[in-house]
Every structure is written in C-alpha cells, then in structure tokens.
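work31.cif, holding mmCIF, C-alpha atoms:
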data_target
#
loop_
_atom_site.group_PDB
_atom_site.id
_atom_site.type_symbol
_atom_site.label_atom_id
_atom_site.label_comp_id
_atom_site.auth_asym_id
_atom_site.auth_seq_id
_atom_site.Cartn_x
_atom_site.Cartn_y
_atom_site.Cartn_z
ATOM 1 C CA MET A 1 43.364 18.690 112.161
ATOM 2 C CA SER A 2 42.982 22.433 111.808
ATOM 3 C CA ASP A 3 40.034 24.368 113.164
ATOM 4 C CA TYR A 4 39.332 25.416 109.611
ATOM 5 C CA GLU A 5 37.186 23.462 107.172
ATOM 6 C CA GLY A 6 38.459 21.347 104.378
ATOM 7 C CA GLY A 7 41.566 19.763 103.094
ATOM 8 C CA PRO A 8 43.306 20.462 99.807
ATOM 9 C CA ALA A 9 41.116 23.239 98.424
ATOM 10 C CA ALA A 10 41.699 26.289 96.309
ATOM 11 C CA GLU A 11 43.663 29.037 98.049
ATOM 12 C CA ASP A 12 40.706 31.405 97.983
ATOM 13 C CA ASP A 13 38.331 28.773 99.395
ATOM 14 C CA LEU A 14 38.324 30.055 102.970
ATOM 15 C CA SER A 15 36.030 28.938 105.717
ATOM 16 C CA LEU A 16 34.829 29.918 109.153
ATOM 17 C CA PRO A 17 36.417 28.105 112.077
ATOM 18 C CA ARG A 18 34.521 24.867 112.503
ATOM 19 C CA ALA A 19 34.664 24.937 116.331
ATOM 20 C CA THR A 20 33.269 28.472 116.428
ATOM 21 C CA VAL A 21 30.293 27.611 114.229
ATOM 22 C CA TYR A 22 29.658 24.431 116.219
ATOM 23 C CA LYS A 23 29.708 26.463 119.431
ATOM 24 C CA LEU A 24 27.221 28.984 117.995
ATOM 25 C CA ILE A 25 24.926 26.156 116.937
ATOM 26 C CA ALA A 26 25.076 24.604 120.418
ATOM 27 C CA GLU A 27 24.318 27.974 122.056
ATOM 28 C CA MET A 28 21.289 28.541 119.821
ATOM 29 C CA LEU A 29 19.681 25.139 120.439
ATOM 30 C CA PRO A 30 17.672 24.237 123.541
ATOM 31 C CA ASP A 31 19.504 21.936 125.956
ATOM 32 C CA ASP A 32 17.306 18.964 125.082
ATOM 33 C CA VAL A 33 17.981 19.182 121.323
ATOM 34 C CA ALA A 34 20.977 17.542 119.674
ATOM 35 C CA CYS A 35 22.410 18.380 116.277
ATOM 36 C CA ALA A 36 23.949 15.686 114.063
ATOM 37 C CA LYS A 37 27.466 16.222 112.718
ATOM 38 C CA ASP A 38 26.189 16.199 109.126
ATOM 39 C CA THR A 39 23.726 18.925 110.034
ATOM 40 C CA ARG A 40 26.446 21.023 111.700
ATOM 41 C CA ASP A 41 28.629 20.601 108.615
ATOM 42 C CA LEU A 42 25.738 21.641 106.367
ATOM 43 C CA LEU A 43 25.150 24.739 108.499
ATOM 44 C CA LEU A 44 28.866 25.536 108.321
ATOM 45 C CA ASP A 45 28.738 25.292 104.523
ATOM 46 C CA CYS A 46 25.645 27.512 104.452
ATOM 47 C CA CYS A 47 27.337 30.127 106.649
ATOM 48 C CA ASN A 48 30.399 30.128 104.415
ATOM 49 C CA GLU A 49 28.281 30.449 101.282
ATOM 50 C CA PHE A 50 26.228 33.290 102.773
ATOM 51 C CA ILE A 51 29.345 35.237 103.749
ATOM 52 C CA HIS A 52 30.848 34.638 100.306
ATOM 53 C CA LEU A 53 27.649 35.858 98.647
ATOM 54 C CA ILE A 54 27.468 39.038 100.760
ATOM 55 C CA ALA A 55 31.192 39.718 100.315
ATOM 56 C CA SER A 56 31.010 39.275 96.539
ATOM 57 C CA GLU A 57 28.001 41.571 96.226
ATOM 58 C CA SER A 58 29.614 44.121 98.559
ATOM 59 C CA ASN A 59 32.727 44.042 96.402
ATOM 60 C CA GLU A 60 30.712 44.649 93.234
ATOM 61 C CA ILE A 61 28.953 47.619 94.841
ATOM 62 C CA CYS A 62 32.300 48.929 96.036
ATOM 63 C CA GLU A 63 33.789 48.634 92.536
ATOM 64 C CA LYS A 64 30.788 50.433 90.992
ATOM 65 C CA GLU A 65 31.519 53.347 93.328
ATOM 66 C CA ALA A 66 35.210 53.213 92.309
ATOM 67 C CA LYS A 67 36.225 52.486 95.902
ATOM 68 C CA LYS A 68 39.025 50.160 96.898
ATOM 69 C CA THR A 69 37.842 49.283 100.404
ATOM 70 C CA ILE A 70 34.550 47.617 101.262
ATOM 71 C CA ALA A 71 32.798 49.725 103.890
ATOM 72 C CA ALA A 72 29.823 48.972 106.123
ATOM 73 C CA GLU A 73 27.552 50.873 103.720
ATOM 74 C CA HIS A 74 28.547 48.474 100.930
ATOM 75 C CA VAL A 75 27.615 45.466 103.054
ATOM 76 C CA LEU A 76 24.267 47.016 103.966
ATOM 77 C CA ALA A 77 23.589 47.803 100.302
ATOM 78 C CA ALA A 78 24.514 44.207 99.385
ATOM 79 C CA LEU A 79 22.037 42.864 101.938
ATOM 80 C CA ARG A 80 19.308 45.036 100.414
ATOM 81 C CA GLU A 81 20.293 44.115 96.856
ATOM 82 C CA LEU A 82 20.192 40.386 97.628
ATOM 83 C CA GLY A 83 16.790 40.572 99.333
ATOM 84 C CA PHE A 84 17.924 40.435 102.952
ATOM 85 C CA GLU A 85 16.358 43.780 103.945
ATOM 86 C CA LYS A 86 14.983 42.349 107.174
ATOM 87 C CA TYR A 87 18.553 41.903 108.467
ATOM 88 C CA VAL A 88 19.704 45.471 107.779
ATOM 89 C CA THR A 89 18.431 46.898 111.082
ATOM 90 C CA GLU A 90 20.022 44.120 113.118
ATOM 91 C CA VAL A 91 23.308 44.451 111.220
ATOM 92 C CA LYS A 92 23.315 48.220 111.816
ATOM 93 C CA GLU A 93 22.790 47.624 115.545
ATOM 94 C CA ALA A 94 25.604 45.052 115.674
ATOM 95 C CA TYR A 95 27.888 47.432 113.788
ATOM 96 C CA SER A 96 27.031 50.252 116.185
ATOM 97 C CA GLU A 97 27.815 48.012 119.177
ATOM 98 C CA HIS A 98 31.101 47.033 117.541
ATOM 99 C CA ARG A 99 32.068 50.676 117.033
ATOM 100 C CA GLN A 100 31.199 51.491 120.662
ATOM 101 C CA GLN A 101 33.375 48.603 121.841
ATOM 102 C CA GLN A 102 36.265 49.860 119.706
ATOM 103 C CA ILE A 103 35.963 53.294 121.308
ATOM 104 C CA LYS A 104 35.952 51.734 124.789
ATOM 105 C CA ASP A 105 39.009 49.626 123.925
ATOM 106 C CA ARG A 106 40.896 52.689 122.730
ATOM 107 C CA GLY A 107 39.956 54.479 125.950
ATOM 108 C CA ARG A 108 41.294 51.601 128.031
ATOM 109 C CA LYS A 109 44.650 51.795 126.295
ATOM 110 C CA SER A 110 45.040 55.486 127.095
ATOM 111 C CA THR A 111 43.761 54.878 130.647
ATOM 112 C CA LYS A 112 46.485 52.268 131.210
ATOM 113 C CA LEU A 113 49.082 54.842 130.183
ATOM 114 C CA ASN A 114 47.602 57.366 132.606
ATOM 115 C CA GLN A 115 47.530 54.824 135.455
ATOM 116 C CA LEU A 116 51.287 54.238 135.240
ATOM 117 C CA GLY A 117 51.830 57.530 137.037
ATOM 118 C CA MET A 118 54.559 58.615 134.636
ATOM 119 C CA SER A 119 54.502 61.140 131.855
ATOM 120 C CA GLU A 120 55.239 60.031 128.308
ATOM 121 C CA GLU A 121 58.651 61.724 128.555
ATOM 122 C CA GLU A 122 59.471 59.768 131.725
ATOM 123 C CA LEU A 123 58.354 56.532 130.086
ATOM 124 C CA GLN A 124 60.516 57.339 127.051
ATOM 125 C CA ARG A 125 63.577 57.993 129.246
ATOM 126 C CA SER A 126 62.930 54.780 131.174
ATOM 127 C CA GLN A 127 62.674 52.807 127.945
ATOM 128 C CA GLU A 128 65.893 54.340 126.590
ATOM 129 C CA LEU A 129 67.676 53.461 129.850
ATOM 130 C CA LEU A 130 66.482 49.856 129.632
ATOM 131 C CA PHE A 131 67.686 49.605 126.029
ATOM 132 C CA ALA A 132 71.079 51.057 126.989
ATOM 133 C CA GLN A 133 71.426 48.552 129.840
ATOM 134 C CA ALA A 134 70.532 45.682 127.517
ATOM 135 C CA ARG A 135 73.107 46.865 124.954
ATOM 136 C CA MET A 136 75.789 47.036 127.651
ATOM 137 C CA ARG A 137 74.986 43.499 128.849
ATOM 138 C CA LEU A 138 75.160 42.236 125.276
ATOM 139 C CA GLN A 139 78.492 43.981 124.658
ATOM 140 C CA ASN A 140 79.960 42.646 127.915
ATOM 141 C CA GLN A 141 78.816 39.130 127.061
ATOM 142 C CA THR A 142 80.371 39.416 123.581
ATOM 143 C CA ILE A 143 83.687 40.638 125.048
ATOM 144 C CA GLN A 144 83.782 37.834 127.639
ATOM 145 C CA ASP A 145 82.782 35.059 125.205
ATOM 146 C CA PRO A 146 84.396 35.918 121.864
ATOM 147 C CA PRO A 147 83.721 33.373 119.108
ATOM 148 C CA SER A 148 86.721 31.185 118.198
ATOM 149 C CA ALA A 149 88.288 31.175 114.769
ATOM 150 C CA ASN A 150 86.876 27.767 113.803
ATOM 151 C CA GLY A 151 83.346 28.746 114.816
ATOM 152 C CA SER A 152 83.024 26.573 117.915
ATOM 153 C CA ALA A 153 83.008 27.867 121.455
ATOM 154 C CA THR A 154 85.499 25.274 122.729
ATOM 155 C CA ALA A 155 88.682 24.128 121.037
ATOM 156 C CA ASN A 156 90.206 20.650 121.142
ATOM 157 C CA SER A 157 92.741 20.239 123.938
ATOM 158 C CA GLY A 158 95.059 18.299 121.653
ATOM 159 C CA ASN A 159 94.243 14.939 123.238
ATOM 160 C CA GLY A 160 93.948 12.744 120.186
ATOM 161 C CA ASP A 161 92.196 9.821 121.884
ATOM 162 C CA ALA A 162 89.516 11.849 123.695
ATOM 163 C CA GLY A 163 86.815 10.704 121.299
ATOM 164 C CA ALA A 164 87.983 7.036 121.020
ATOM 165 C CA MET A 165 86.390 4.253 123.030
#
Structure re-expressed in structure tokens:
Amino acid sequence: MSDYEGGPAAEDDLSLPRATVYKLIAEMLPDDVACAKDTRDLLLDCCNEFIHLIASESNEICEKEAKKTIAAEHVLAALRELGFEKYVTEVKEAYSEHRQQQIKDRGRKSTKLNQLGMSEEELQRSQELLFAQARMRLQNQTIQDPPSANGSATANSGNGDAGAM
C-alpha cells in the first residue's frame, strides 16, 4: 500500500505521508507512552484538515490581493485570520531557518564547482569532448551492427527443420 492516505478518493483529496506523520507522533511522545493506530489515523486526518484550512484561507487572501502565487505573507495572514496568532512567531522562525538552509545549499553547489579545480570553460570543453566520444561510439556501433531488412538482428540460415523437434 502507498505511503499516502486513502484509497479511491477525489483527485484533489491529498494527504500527508502516513509514515512521516506516524514518525513525528512517535518522536513527540515519551518513550513509555504508546499511541493506538486509530489515534494516529485521527491525528493524520487532523493534520490534513489543518493544512487544507490554512491553504484555502491563504489562497483566498492571495486572490483578494490579485496575486497568483501564495507567498509566506499569505500563510501568516491566514494564520492570523483563522485565530492561530500564537503560531505566527514560530512559523516565521521556521521559515527563516528554511531560507537560511536554502542559501547554504546554494552555496554548497557553487563550492562543489570551485572544488573541481577547473574553470567553467574547461568543464564545458570536457563535457563537449565526452559527448563527441559518445557520439562516435554510437556511430561505430551502428555501422558495425546495421539492422536487417526484416527488423531482426539475425536472419534464418535456410535450415527449414531448425525449429522442429
């Protein structure tokens, strides 16, 4: 069964990955506390409903501003509008951490390029050479193994009883 909730549901009835929510629940509980499957499923449904509620309200706020993309400000405004003001600070902090991680990830990508010890021009020439070599191998293989007229690689040798037993 898929990691996602549900069976035959409406196309727009999306859900969080069940295993991920279960893992979060397990991490939040003390070691000596168990959580019944029905309870985990109820929490999963609540999480899905909460996200749907925030997303719908964010979308309405976005549409009122004649925007086509929901931004972080729209989500924060939706939280306030729906009475979840106490979460705004924590959401802002999480968003800030996310942005910092994105910046670090972008820096790592450029660092990897710098660590190769080759300029971009040298890398480009190397890539072009590799493509040229691959094309030559492909052309040589095509010349050595031309397809036959009937579409098969091997033709019958004319032995009529080769397939009889």
Query raised in the report: Once the PyMOL selection byres ((chain A and resi 56-65) around 10) has been applied to the shown file, what residues remain in the selection, as a PyMOL selection string?
Result: chain A and resi 50-55+66-79+81-82
Requested in this report: Enter the distance from atom CA of A:Thr39 to atom CA of A:Tyr22, in Å, rounded to one decimal.
Outcome: 10.2 Å
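Going from atom CA of A:Met28 to atom CA of A:Arg40 covers 12.2 Å.
Put simply, atom CA of A:Pro17 is 13.7 Å away from atom CA of A:Glu49.
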**Report entry** Within 12 Å of A:Leu42 using all atoms listed in the file, minus same-chain residues under 5 positions, as a PyMOL selection string
**Finding:** chain A and resi 5+18+21-22+25+35-37+47-49
With C-alpha atoms retained, write the just-selected residues as an mmCIF file, in the coordinates of the input.
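Generated file (selection.cif):
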data_model
loop_
_atom_site.group_PDB
_atom_site.id
_atom_site.type_symbol
_atom_site.label_atom_id
_atom_site.label_comp_id
_atom_site.auth_asym_id
_atom_site.auth_seq_id
_atom_site.Cartn_x
_atom_site.Cartn_y
_atom_site.Cartn_z
ATOM 1 C CA GLU A 5 37.186 23.462 107.172
ATOM 2 C CA ARG A 18 34.521 24.867 112.503
ATOM 3 C CA VAL A 21 30.293 27.611 114.229
ATOM 4 C CA TYR A 22 29.658 24.431 116.219
ATOM 5 C CA ILE A 25 24.926 26.156 116.937
ATOM 6 C CA CYS A 35 22.410 18.380 116.277
ATOM 7 C CA ALA A 36 23.949 15.686 114.063
ATOM 8 C CA LYS A 37 27.466 16.222 112.718
ATOM 9 C CA CYS A 47 27.337 30.127 106.649
ATOM 10 C CA ASN A 48 30.399 30.128 104.415
ATOM 11 C CA GLU A 49 28.281 30.449 101.282
#
Enclose stretch 40-43 of chain A, meaning all of its atoms listed in the file, in a box aligned along x, y and z, pad it by 5 Å on each side, and list the centre and edge lengths in Å to one decimal, as JSON.
{"center_x": 26.9, "center_y": 22.7, "center_z": 109.0, "size_x": 13.5, "size_y": 14.1, "size_z": 15.3}
